[in-house]
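Chemist: Got start-v5.txt for you, compact mmCIF, C-alpha atoms:
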```txt
# COMPACT_ATOMS: atom_id res chain seq x y z
CA MET A 1436 111.99 176.94 -27.72
CA THR A 1437 112.71 175.01 -30.91
CA THR A 1438 110.28 174.21 -33.71
CA MET A 1439 109.99 170.60 -34.83
CA LYS A 1440 107.69 168.35 -36.84
CA ALA A 1441 105.53 165.92 -34.89
CA ALA A 1442 102.54 163.61 -35.37
CA ILE A 1443 99.85 165.02 -33.06
CA CYS A 1444 96.59 163.42 -31.91
CA HIS A 1445 93.80 165.99 -31.58
CA GLU A 1446 90.90 163.54 -31.24
CA PHE A 1447 90.92 159.91 -30.10
CA GLY A 1448 90.20 157.44 -32.88
CA THR A 1449 91.26 159.79 -35.67
CA PRO A 1450 94.47 159.90 -37.77
CA LEU A 1451 97.48 161.74 -36.40
CA VAL A 1452 98.23 165.15 -37.87
CA ILE A 1453 101.75 166.12 -38.97
CA GLU A 1454 102.38 169.68 -37.81
CA GLU A 1455 104.99 171.96 -36.35
CA VAL A 1456 105.12 172.23 -32.57
CA GLU A 1457 107.45 173.87 -30.06
CA ILE A 1458 109.76 171.97 -27.72
CA ARG A 1459 111.72 173.63 -24.92
CA GLY A 1460 115.29 172.78 -24.01
CA PRO A 1461 116.21 170.34 -21.23
CA ARG A 1462 115.88 171.44 -17.61
CA MET A 1463 117.34 169.95 -14.43
CA GLY A 1464 117.90 166.22 -14.89
CA GLU A 1465 116.67 166.16 -18.50
CA ILE A 1466 118.23 165.23 -21.84
CA GLU A 1467 117.40 166.41 -25.35
CA VAL A 1468 117.66 163.77 -28.07
CA GLU A 1469 117.47 164.26 -31.81
CA LEU A 1470 115.58 161.17 -32.88
CA ASP A 1471 116.60 158.94 -35.77
CA ALA A 1472 113.98 156.22 -35.52
CA VAL A 1473 110.85 155.30 -33.57
CA ALA A 1474 108.89 152.06 -33.81
CA ILE A 1475 105.11 151.68 -33.75
CA CYS A 1476 103.96 149.84 -30.62
CA HIS A 1477 100.40 148.64 -29.97
CA SER A 1478 100.41 150.74 -26.80
CA ASP A 1479 100.68 153.85 -28.99
CA ILE A 1480 97.66 152.62 -30.93
CA SER A 1481 95.68 151.95 -27.75
CA PHE A 1482 96.43 155.49 -26.60
CA GLN A 1483 95.38 156.88 -29.98
CA GLU A 1484 92.12 154.94 -29.78
CA GLY A 1485 91.42 156.33 -26.31
CA GLY A 1486 91.77 152.96 -24.62
CA PHE A 1487 94.32 154.16 -22.06
CA GLY A 1488 92.85 157.62 -21.39
CA GLY A 1489 95.14 160.63 -21.28
CA TYR A 1490 94.84 164.22 -22.47
CA LEU A 1491 94.60 165.98 -25.82
CA PRO A 1492 96.32 167.17 -27.88
CA ALA A 1493 98.86 164.39 -27.40
CA LEU A 1494 102.15 163.21 -28.81
CA PHE A 1495 102.64 159.44 -28.72
CA GLY A 1496 105.67 157.27 -29.49
CA HIS A 1497 108.03 155.72 -26.97
CA GLU A 1498 110.25 153.12 -28.69
CA ALA A 1499 113.04 155.27 -30.09
CA ALA A 1500 116.73 155.86 -30.65
CA GLY A 1501 118.81 158.89 -31.56
CA ARG A 1502 121.67 161.17 -30.54
CA ILE A 1503 121.99 163.51 -27.54
CA THR A 1504 121.99 167.16 -28.58
CA ALA A 1505 121.72 168.93 -25.20
CA LEU A 1506 122.00 168.19 -21.48
CA GLY A 1507 120.17 169.82 -18.59
CA ASP A 1508 121.82 170.61 -15.27
CA ASP A 1509 122.85 167.77 -12.96
CA VAL A 1510 122.99 165.10 -15.70
CA GLN A 1511 125.96 162.80 -15.33
CA GLY A 1512 127.31 159.94 -17.41
CA PHE A 1513 126.22 161.34 -20.79
CA GLU A 1514 127.75 163.67 -23.34
CA VAL A 1515 126.39 165.57 -26.32
CA GLY A 1516 126.79 163.31 -29.33
CA ASP A 1517 126.17 160.02 -27.49
CA SER A 1518 124.02 157.51 -29.35
CA VAL A 1519 121.16 156.41 -27.12
CA ALA A 1520 118.05 154.29 -26.83
CA VAL A 1521 115.07 156.30 -25.52
CA THR A 1522 112.54 154.43 -23.35
CA LEU A 1523 109.34 155.22 -21.48
CA ILE A 1524 110.82 153.89 -18.22
CA ARG A 1525 111.14 157.00 -16.06
CA ALA A 1526 112.52 156.25 -12.60
CA CYS A 1527 113.06 158.60 -9.67
CA GLY A 1528 115.67 156.33 -8.10
CA HIS A 1529 114.46 156.71 -4.50
CA CYS A 1530 110.88 155.37 -4.12
CA ASP A 1531 110.19 151.87 -2.77
CA SER A 1532 110.04 150.32 -6.25
CA CYS A 1533 113.24 151.97 -7.47
CA GLY A 1534 115.01 151.19 -4.21
CA SER A 1535 114.12 147.50 -4.51
CA GLY A 1536 115.43 147.28 -8.08
CA SER A 1537 112.10 147.60 -9.90
CA PRO A 1538 112.26 150.92 -11.76
CA THR A 1539 109.53 149.93 -14.23
CA THR A 1540 106.99 150.43 -11.44
CA CYS A 1541 108.43 153.71 -10.12
CA GLU A 1542 105.90 155.18 -7.68
CA THR A 1543 106.80 158.86 -7.98
CA ALA A 1544 104.05 160.81 -9.74
CA VAL A 1545 104.85 162.62 -12.99
CA ASP A 1546 103.70 166.20 -13.51
CA TYR A 1547 102.03 165.91 -16.91
CA ALA A 1548 101.34 169.65 -16.91
CA ALA A 1549 105.10 170.18 -17.22
CA SER A 1550 105.24 168.76 -20.74
CA PRO A 1551 108.12 170.26 -22.74
CA ILE A 1552 105.94 170.41 -25.86
CA THR A 1553 103.39 173.04 -26.92
CA THR A 1554 101.44 173.78 -30.06
CA LYS A 1555 102.44 176.80 -32.14
CA ASP A 1556 99.78 178.85 -30.31
CA GLY A 1557 101.13 177.85 -26.89
CA LYS A 1558 98.70 175.07 -25.91
CA PRO A 1559 100.35 172.25 -23.89
CA VAL A 1560 100.76 168.93 -25.70
CA PHE A 1561 100.44 165.78 -23.57
CA GLN A 1562 103.76 163.92 -23.63
CA ALA A 1563 102.36 160.38 -23.68
CA MET A 1564 104.33 157.78 -21.71
CA GLU A 1565 106.72 160.60 -20.71
CA THR A 1566 108.40 160.29 -24.12
CA GLY A 1567 106.49 161.74 -27.10
CA ALA A 1568 108.76 160.25 -29.76
CA PHE A 1569 106.62 160.56 -32.90
CA ALA A 1570 108.64 163.71 -33.54
CA GLU A 1571 112.03 164.97 -34.59
CA LYS A 1572 113.20 165.54 -30.99
CA ALA A 1573 112.38 164.46 -27.46
CA VAL A 1574 113.19 166.00 -24.09
CA ILE A 1575 113.08 163.31 -21.45
CA HIS A 1576 114.30 162.49 -17.94
CA HIS A 1577 117.86 161.14 -17.87
CA SER A 1578 116.64 157.84 -16.37
CA GLN A 1579 114.88 157.02 -19.66
CA VAL A 1580 118.05 156.99 -21.73
CA VAL A 1581 120.74 154.33 -22.23
CA LYS A 1582 123.92 154.68 -24.27
CA ILE A 1583 124.32 152.31 -27.23
CA PRO A 1584 127.23 151.72 -29.62
CA ALA A 1585 127.64 154.59 -32.09
CA ASP A 1586 127.75 152.18 -35.03
CA MET A 1587 124.55 150.34 -34.10
CA PRO A 1588 121.78 151.10 -36.63
CA LYS A 1589 119.23 153.35 -34.95
CA ASP A 1590 116.19 151.60 -36.46
CA VAL A 1591 117.37 148.35 -34.88
CA ALA A 1592 118.38 150.02 -31.62
CA ALA A 1593 114.92 151.60 -31.28
CA LEU A 1594 113.38 148.16 -30.86
CA LEU A 1595 115.35 147.67 -27.65
CA SER A 1596 113.44 150.57 -26.08
CA CYS A 1597 110.18 148.65 -25.68
CA GLY A 1598 109.26 145.56 -27.72
CA VAL A 1599 112.47 143.65 -27.15
CA ILE A 1600 112.99 144.42 -23.47
CA THR A 1601 109.30 143.79 -22.80
CA GLY A 1602 109.27 140.36 -24.45
CA VAL A 1603 112.68 139.10 -23.42
CA GLY A 1604 112.23 140.50 -19.91
CA ALA A 1605 108.83 138.83 -19.53
CA ALA A 1606 110.48 135.45 -19.97
CA VAL A 1607 113.84 135.95 -18.28
CA ILE A 1608 113.06 138.43 -15.50
CA THR A 1609 109.34 138.54 -14.63
CA GLY A 1610 108.62 134.98 -15.73
CA GLY A 1611 111.85 133.67 -14.23
CA VAL A 1612 112.01 130.89 -16.82
CA LYS A 1613 114.62 128.32 -15.85
CA ALA A 1614 116.62 125.89 -17.94
CA GLY A 1615 114.55 122.81 -18.74
CA GLN A 1616 111.15 124.41 -18.17
CA ASP A 1617 108.30 124.49 -20.69
CA VAL A 1618 106.89 127.80 -21.90
CA VAL A 1619 103.79 128.81 -23.85
CA VAL A 1620 103.76 132.20 -25.60
CA ILE A 1621 100.31 133.39 -26.66
CA GLY A 1622 100.64 135.84 -29.53
CA ALA A 1623 103.49 135.75 -32.06
CA GLY A 1624 103.57 139.46 -32.92
CA GLY A 1625 106.51 141.77 -32.21
CA VAL A 1626 106.50 141.34 -28.42
CA GLY A 1627 105.59 137.66 -28.66
CA LEU A 1628 108.58 136.90 -30.88
CA ASN A 1629 110.82 138.52 -28.28
CA ALA A 1630 109.18 136.52 -25.49
CA ILE A 1631 110.00 133.42 -27.54
CA GLN A 1632 113.60 134.61 -27.87
CA GLY A 1633 113.72 135.24 -24.14
CA ALA A 1634 112.50 131.74 -23.32
CA ARG A 1635 115.09 130.28 -25.70
CA ILE A 1636 117.88 132.37 -24.16
CA ALA A 1637 116.78 131.26 -20.68
CA GLY A 1638 117.19 127.61 -21.71
CA ALA A 1639 113.56 126.48 -21.93
CA ARG A 1640 113.11 122.84 -22.93
CA ARG A 1641 110.10 123.51 -25.17
CA VAL A 1642 108.64 126.83 -26.33
CA VAL A 1643 105.14 126.59 -27.78
CA ALA A 1644 103.80 129.55 -29.76
CA ILE A 1645 100.04 130.13 -30.01
CA ASP A 1646 98.55 132.45 -32.63
CA MET A 1647 95.58 132.83 -34.96
CA HIS A 1648 97.74 133.13 -38.07
CA GLU A 1649 99.86 130.40 -39.63
CA ASP A 1650 102.37 132.89 -41.09
CA LYS A 1651 103.06 134.24 -37.61
CA LEU A 1652 103.58 130.72 -36.32
CA GLU A 1653 106.16 130.16 -39.06
CA ALA A 1654 107.93 133.31 -37.87
CA ALA A 1655 107.79 132.00 -34.32
CA LYS A 1656 109.86 128.99 -35.36
CA GLU A 1657 112.48 131.34 -36.78
CA PHE A 1658 112.78 133.03 -33.37
CA GLY A 1659 113.02 129.84 -31.33
CA ALA A 1660 109.61 128.20 -30.94
CA THR A 1661 109.96 124.42 -30.83
CA ASP A 1662 106.24 123.86 -31.43
CA VAL A 1663 103.32 125.89 -32.76
CA VAL A 1664 99.56 125.61 -32.27
CA LEU A 1665 96.76 127.53 -33.94
CA ALA A 1666 94.66 129.42 -31.41
CA SER A 1667 91.60 128.55 -33.49
CA ASP A 1668 92.06 124.82 -32.82
CA PRO A 1669 89.43 123.28 -30.53
CA LYS A 1670 90.78 123.53 -27.00
CA PRO A 1671 94.38 124.37 -27.97
CA TRP A 1672 95.45 123.98 -24.32
CA ASN A 1673 94.77 120.24 -24.63
CA THR A 1674 96.96 120.11 -27.74
CA VAL A 1675 99.73 121.87 -25.82
CA LYS A 1676 99.49 119.47 -22.88
CA LYS A 1677 99.81 116.52 -25.25
CA LEU A 1678 102.92 118.09 -26.79
CA LEU A 1679 104.53 118.79 -23.42
CA GLY A 1680 103.28 115.79 -21.48
CA ARG A 1681 101.85 118.21 -18.90
CA GLY A 1682 100.98 121.88 -18.66
CA ALA A 1683 103.45 124.73 -19.05
CA ASP A 1684 105.62 126.19 -16.30
CA ALA A 1685 105.02 129.68 -17.70
CA VAL A 1686 102.38 131.10 -20.04
CA LEU A 1687 103.36 134.49 -21.45
CA VAL A 1688 100.32 136.40 -22.76
CA THR A 1689 101.63 139.01 -25.19
CA VAL A 1690 98.34 140.09 -26.76
CA GLY A 1691 96.17 142.83 -25.24
CA ALA A 1692 92.91 140.87 -25.42
CA ALA A 1693 90.94 140.19 -22.24
CA PRO A 1694 89.36 136.91 -23.53
CA VAL A 1695 92.87 135.45 -23.93
CA TYR A 1696 93.47 136.00 -20.22
CA ASP A 1697 90.28 134.02 -19.52
CA VAL A 1698 91.81 130.86 -21.02
CA ALA A 1699 95.53 131.37 -20.32
CA PRO A 1700 95.48 129.46 -16.98
CA ARG A 1701 94.22 126.37 -18.82
CA TYR A 1702 97.68 125.90 -20.33
CA LEU A 1703 99.40 125.79 -16.92
CA ALA A 1704 100.96 122.90 -15.06
CA ALA A 1705 100.75 122.73 -11.29
CA ARG A 1706 102.71 125.64 -9.78
CA GLY A 1707 102.78 127.33 -13.21
CA LYS A 1708 102.61 131.06 -13.75
CA VAL A 1709 100.65 133.28 -16.16
CA VAL A 1710 102.73 136.34 -17.08
CA MET A 1711 100.59 139.33 -18.12
CA VAL A 1712 102.44 141.20 -20.86
CA GLY A 1713 99.79 142.45 -23.31
CA MET A 1714 97.58 145.25 -21.98
CA PRO A 1715 93.87 145.36 -22.94
CA HIS A 1716 91.95 148.63 -22.91
CA GLY A 1717 91.17 149.92 -19.44
CA ASP A 1718 87.47 148.98 -19.52
CA LYS A 1719 88.09 145.28 -20.25
CA VAL A 1720 87.98 142.57 -17.57
CA SER A 1721 88.85 138.87 -17.40
CA THR A 1722 87.73 135.95 -15.25
CA TYR A 1723 89.44 132.82 -13.95
CA SER A 1724 88.81 130.10 -11.37
CA PRO A 1725 90.42 131.00 -8.02
CA LEU A 1726 89.66 127.48 -6.75
CA ILE A 1727 91.67 125.75 -9.47
CA MET A 1728 94.57 128.16 -9.29
CA ALA A 1729 94.76 128.04 -5.51
CA ASN A 1730 94.51 124.25 -5.46
CA GLN A 1731 97.25 123.89 -8.08
CA GLY A 1732 99.55 126.49 -6.55
CA GLN A 1733 99.38 128.57 -9.73
CA SER A 1734 99.78 132.32 -10.03
CA ILE A 1735 99.21 135.35 -12.26
CA THR A 1736 101.74 138.17 -12.35
CA GLY A 1737 101.96 141.46 -14.20
CA SER A 1738 105.00 142.25 -16.32
CA LYS A 1739 105.40 145.93 -17.07
CA MET A 1740 108.20 146.41 -19.60
CA GLY A 1741 109.55 142.98 -18.70
CA GLY A 1742 110.61 144.16 -15.26
CA VAL A 1743 113.92 145.32 -16.73
CA VAL A 1744 116.57 147.64 -15.35
CA ILE A 1745 117.46 149.41 -18.59
CA LYS A 1746 121.02 150.40 -17.70
CA ARG A 1747 121.77 146.74 -16.96
CA ASP A 1748 119.58 144.94 -19.45
CA ILE A 1749 119.79 147.00 -22.65
CA PRO A 1750 123.63 146.70 -22.77
CA TRP A 1751 123.23 142.95 -22.12
CA MET A 1752 120.81 142.64 -25.04
CA VAL A 1753 123.05 144.75 -27.28
CA ASP A 1754 125.84 142.29 -26.53
CA LEU A 1755 123.59 139.33 -27.36
CA TYR A 1756 122.68 141.03 -30.64
CA GLN A 1757 126.31 141.63 -31.53
CA GLN A 1758 127.04 137.95 -30.83
CA GLY A 1759 124.19 136.88 -33.13
CA ARG A 1760 122.19 135.39 -30.24
CA LEU A 1761 119.36 137.95 -30.27
CA LYS A 1762 117.48 138.68 -33.49
CA LEU A 1763 116.72 142.37 -34.05
CA ASP A 1764 117.10 143.11 -37.76
CA GLU A 1765 114.60 140.34 -38.51
CA LEU A 1766 111.95 142.08 -36.40
CA ILE A 1767 111.59 145.06 -38.74
CA SER A 1768 108.80 144.59 -41.27
CA ASN A 1769 108.71 148.01 -42.94
CA ARG A 1770 110.23 151.47 -42.70
CA PHE A 1771 108.16 154.64 -43.14
CA SER A 1772 108.69 158.40 -43.08
CA LEU A 1773 107.01 160.55 -40.42
CA GLU A 1774 104.55 161.73 -43.08
CA GLN A 1775 103.53 158.07 -43.59
CA ILE A 1776 102.87 157.41 -39.90
CA ASN A 1777 99.13 156.77 -40.29
CA GLU A 1778 99.88 154.21 -42.98
CA ALA A 1779 102.38 152.57 -40.63
CA ILE A 1780 99.80 152.49 -37.83
CA GLU A 1781 97.14 150.92 -40.05
CA ASP A 1782 99.63 148.28 -41.20
CA THR A 1783 100.47 147.54 -37.55
CA LYS A 1784 96.78 147.28 -36.63
CA SER A 1785 96.24 144.74 -39.42
CA GLY A 1786 98.49 142.34 -37.53
CA ALA A 1787 100.72 141.81 -40.55
CA ALA A 1788 103.82 143.55 -39.17
CA ARG A 1789 106.37 142.37 -36.66
CA ARG A 1790 107.53 145.95 -36.06
CA ASN A 1791 107.09 149.01 -38.28
CA VAL A 1792 109.67 151.75 -37.84
CA ILE A 1793 109.43 155.47 -38.59
CA ILE A 1794 112.74 156.81 -39.93
CA LEU A 1795 113.13 160.43 -38.83
CA ARG A 1796 116.53 161.26 -40.34
```
Any chance you could give the structure as structure tokens?

Modeler:
Amino acid sequence: MTTMKAAICHEFGTPLVIEEVEIRGPRMGEIEVELDAVAICHSDISFQEGGFGGYLPALFGHEAAGRITALGDDVQGFEVGDSVAVTLIRACGHCDSCGSGSPTTCETAVDYAASPITTKDGKPVFQAMETGAFAEKAVIHHSQVVKIPADMPKDVAALLSCGVITGVGAAVITGGVKAGQDVVVIGAGGVGLNAIQGARIAGARRVVAIDMHEDKLEAAKEFGATDVVLASDPKPWNTVKKLLGRGADAVLVTVGAAPVYDVAPRYLAARGKVVMVGMPHGDKVSTYSPLIMANQGQSITGSKMGGVVIKRDIPWMVDLYQQGRLKLDELISNRFSLEQINEAIEDTKSGAARRNVIILR
């Protein structure tokens, strides 16, 4: 066992507590990573608020990058010292989802009781999203790790572990946006900006960003939005249809607000698709008209982590970044120390940040 500093949640809805905990070494199929950076994702906040359930005490954080410091048995393709992105996408490799090329929906159950983390007095700490990266180290399954260039800044690389792959993947992979199609992205926060980038990379004709805040809409233009509309406008879907000449082929909802899902289908053209990216709390529900959607041949589809295959798609996105075709540096709003994590979370909750990053070393 090794002692490390971590930000622990002891009670939902309360600030995280910086304390020393114990982490065991990697076992069969696992990798130990010394973390350099971890970004604050709204999913971490939803967990902290109790919106996604889970157990306590808990260690959140799942959008990280660092360097491999130890390998468990039967781990191939990695070496101690490799620079890596650390994701929450744990895949067994043999269930129906993994076998069909959809590791983000791996169907093999995880034994949460086998968490590698304990408190100083031996109490198990819930490793949220199978990662627990608000800490100096993480021990994770080898499927959650992807090698990145050694000279790539870790704060930038961390963004590839969730926000970037989720947004870009929602457009390119789950949304299947094709060249010449029209796309609406609802929400111009961290994931929304990446969905906009994804639609641009896929060759969309027009990309319309919808948000409540004018400053976020200005940022959306920087990332590839051709048009912007305030969500507070009366019937913004009518404004969008006037801009496009019809409805959108794809509407990417990147905010975790159930009422937004109520109105998202109103932006669609015939045969259009709503892509569900943002995740509301578990007790929230939405409504829509099955008659209209069935009659228009429209659909709604979930998009967990953009439907990516990380060993294929993270290297692809690294290459786009190195070519200057994918913006990553511009996504970082602020950098904080681990001791400032509650400040970083509050800033993220305010909606002001694109992505806040905790620098661990």

Chemist: Nearest to Gly1627 in chain A among A:Ser1785, A:Asn1673, A:Thr1689, A:Thr1722, with distances taken over only C-alpha atoms: which residue is it?

Modeler: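 Of A:Ser1785, A:Asn1673, A:Thr1689, A:Thr1722, the one nearest Gly1627 in chain A, counting only C-alpha atoms, is A:Thr1689.
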
Chemist: Quick check, in Å to one decimal: how far apart do CA of Thr1554 in chain A and CA of Ile1776 in chain A lie?

Modeler: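 Computing the Euclidean distance for CA of Thr1554 in chain A and CA of Ile1776 in chain A yields 19.2 Å.
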
Chemist: Can you work out which one of A:Gln1757, A:Gly1717, A:Arg1641, A:Asp1546 has the shortest atom-to-atom distance to Gly1680 in chain A, counting only C-alpha atoms?

Modeler: A:Arg1641

Chemist: Show me a table, sorted first by chain and then by increasing residue number, of the residues of range 1737-1773 of chain A having an atom at most 7 Å from range 1518-1540 of chain A, each with its shortest atom pair and the distance in Å to one decimal, counting only C-alpha atoms and written as CSV.

Modeler:
```
residue,atom,partner,partner_atom,distance
A:Lys1739,CA,A:Thr1539,CA,6.4
A:Met1740,CA,A:Thr1539,CA,6.6
A:Gly1742,CA,A:Thr1539,CA,6.0
A:Val1743,CA,A:Thr1539,CA,6.8
A:Val1744,CA,A:Pro1538,CA,6.5
```

Chemist: I need every residue sitting at most 12 Å from the point (115.7, 161.4, -14.9) (coordinates as in the file, all atoms listed in the file considered), written as a ChimeraX atom specification.

Modeler: /A:1461-1467,1506-1512,1521-1529,1538,1541,1543,1545,1565-1566,1574-1581

Chemist: Counting only C-alpha atoms, figure out which residue out of A:Gly1516, A:Gly1737, A:Gly1638, A:Gly1489 gets nearest to Ala1614 in chain A.

Modeler: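 The shortest atom-to-atom distance to Ala1614 in chain A comes from A:Gly1638.
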
Chemist: Restricting the calculation to only C-alpha atoms: of A:Lys1676, A:His1477, A:Arg1502, A:Arg1701, which residue gets closest to Pro1584 in chain A?

Modeler: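 Checking each candidate against Pro1584 in chain A, we get A:Arg1502 as the closest.
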